[in-house]
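Working notes for the structure below.
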Amino acid sequence: MDNEMKSLRDLWQKAKPVAPAPVSIAALQQKAKANKRSSIIFQYVNIIILLSLAIIIYLYLGVWFPYRTLLGQTGVWLMIGSMLLRVIIEWLSILRSKRIRLDTQLLQNTNSALHYYRFRKKIHGPITFLIVALYTAGFYMLMPEFTSHVPTWLSLIVMISYPVGAVVLIYQIRKGIKKEISDLKELAELQATIVQNQDLL
Amino acid sequence: MSSLQPIQFDSLYEQYHEMVFQLCTGFLKGDREMAADLTQDVFINTWNAWSSYRGEASHKTWIYRITVNTCLQYLRKQKNKRNVGEEQLQDHAEEERTDDVHFTDLYQAIGQLNDLDRLIIMMVLEEIDYPEISQIVGISEGNLRVRIHRIKQKLKKLLGNG
């Protein structure tokens with residue numbers, strides 16, 4: 001076996017592919033900085049969108065055209081609250097993702113990534129349903145007061161368009177979940193492959 | 001912001017560029033174009049991670065860790081993005097080196113191993129010490145020896161000597 005391995009080693013060493021000319025360090029550093037920037041933007045874009053929406057809802061329904069009834073006011077705060085809850089979760093998610101370091105041992109890196117994706121799986125399950133339920137309840141709580149100020153046809157359009165929007169949103173979320181679950185599966189398999197036989201020794 | 005001074009990164013890049021490219025090429029079953037991109041990703045990650053380098057491992061081990069993690073992460077991303085399966089990554093050895101039958105056989109045989117075994121055997125072929133490989137992967141040396149023994153047996157079978 002050792003002789004065979006030696007000949008394989010020789011073959012491997014002899015046939016090393018010629019590496020392409022290294023790119024300039026300045027270009028590499030520039031790309032690294034650009035990647036880091038876009039990764040930060042990508043991570044925080046959800047938070048920024050959700051916070052902006054929460055602020056718009058607050059200004060529009062709480063300040064400029066405030067709801068007077070208790071039901072309406074509760075609805076507004078349920079909508080804003082559910083968005084803020086999502087913001088907190090997204091922020092926690094970013095913090096967890098930062099624990100996945102590429103310069104650690106493969107097993108450690110895989111374990112951190114697994115923890116992250118398991119956390120994401122939890123978020124996508126009951127927590128997301130809770131958030132959607134709170135937001136939906138808040139939205140329909142606005143309807144009694146809303147219908148008293150606008151024509152019936154407009155109220156009907158608003159009430160019907162909400163579930164349509166929700167279906168589109170749920171479809172998008174499900175696409176993201178599918179990708180993350182596939183990552184989770186792969187990582188779990190990788191972790192199992194790394195630690196196999198560990199107990200035997 | 002990385003704390004790595006340009007001159008230090010410069011020498012690190014020059015010293016390990018070829019080593020990383022070799023591992024990436026083997027991991028991607030001979031696809032040199034993708035390997036060049038992946039090599040660049042490895043060094044981008046190295047640049048970004050430098051501020052967390054504490055000197056607990058040698059530069060070489062540290063860069064191998066980043067390479068191994070980046071390779072596996074890259075493959076996951078590719079599978080998600082374009083559903084790149086094994087099929088699309090398998091024939092490059094033949095395309096690149098039809099003149100060297102033995103080398104083609106070796107690449108194809110390595111390409112049939114699972115991702116982790118492929119990385120491990122390439123590190124063995126690169127003559128990296130077992131303690132160093134176990135530091136990179138994160139398993140005990142004993143476990144690594146058992147695994148390498150099995151990979152060698154698999155490889156022997158795949159090369160038609162088993």
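Note on naming: chains are A, B, ... as they come in the structure tokens, residues start from 1 per chain, ligands start from 1 in the order shown.
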
* Neighbour list for A:Leu142 as a ChimeraX atom specification, cut-off 8 Å, only C-alpha atoms, skip fewer than 4 positions in-chain -> /A:67,71-73,75-76,138,146

Quick one: write out the picked residues with N, CA and C atoms as a PDB file, in the first residue's frame?
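Output below, filename selection.pdb:
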ATOM      1  N   TYR A  67     -55.893  56.049  13.910  1.00  0.00           N
ATOM      2  CA  TYR A  67     -57.102  55.281  14.212  1.00  0.00           C
ATOM      3  C   TYR A  67     -57.593  55.700  15.593  1.00  0.00           C
ATOM      4  N   LEU A  71     -59.881  49.124  18.965  1.00  0.00           N
ATOM      5  CA  LEU A  71     -59.609  47.997  18.064  1.00  0.00           C
ATOM      6  C   LEU A  71     -58.624  48.409  16.967  1.00  0.00           C
ATOM      7  N   GLY A  72     -58.874  49.570  16.377  1.00  0.00           N
ATOM      8  CA  GLY A  72     -58.008  50.068  15.307  1.00  0.00           C
ATOM      9  C   GLY A  72     -56.589  50.316  15.812  1.00  0.00           C
ATOM     10  N   GLN A  73     -56.502  50.970  17.001  1.00  0.00           N
ATOM     11  CA  GLN A  73     -55.170  51.277  17.562  1.00  0.00           C
ATOM     12  C   GLN A  73     -54.413  49.989  17.903  1.00  0.00           C
ATOM     13  N   GLY A  75     -54.800  47.194  16.403  1.00  0.00           N
ATOM     14  CA  GLY A  75     -54.391  46.648  15.096  1.00  0.00           C
ATOM     15  C   GLY A  75     -53.096  47.259  14.609  1.00  0.00           C
ATOM     16  N   VAL A  76     -53.015  48.602  14.702  1.00  0.00           N
ATOM     17  CA  VAL A  76     -51.793  49.298  14.248  1.00  0.00           C
ATOM     18  C   VAL A  76     -50.588  48.797  15.029  1.00  0.00           C
ATOM     19  N   GLY A 138     -53.757  42.112  13.163  1.00  0.00           N
ATOM     20  CA  GLY A 138     -53.679  43.576  13.251  1.00  0.00           C
ATOM     21  C   GLY A 138     -54.320  44.227  12.038  1.00  0.00           C
ATOM     22  N   PHE A 146     -61.766  51.398   9.117  1.00  0.00           N
ATOM     23  CA  PHE A 146     -61.395  51.756   7.747  1.00  0.00           C
ATOM     24  C   PHE A 146     -62.632  51.804   6.844  1.00  0.00           C
TER      25      PHE A 146
END

* Output as a list in words the set of chain B residues within 7 Å of chain A, with distances taken over only C-alpha atoms. => Asp10, Glu18, Phe21, Gln22, Ile44, Trp47, Asn48, Ala49, Trp62, Arg65, Ile66, Asn69, Thr70, Arg76, Asn80, Phe103, Leu125, Gln135, Ile136, Val137, Gly138 and Asn143 of chain B

* **DSSP helix (DSSP H, G or I) residues within chain B, as a PyMOL selection string** => chain B and resi 6-27+32-52+59-82+86-89+92-96+101-111+115-125+130-137+141-158
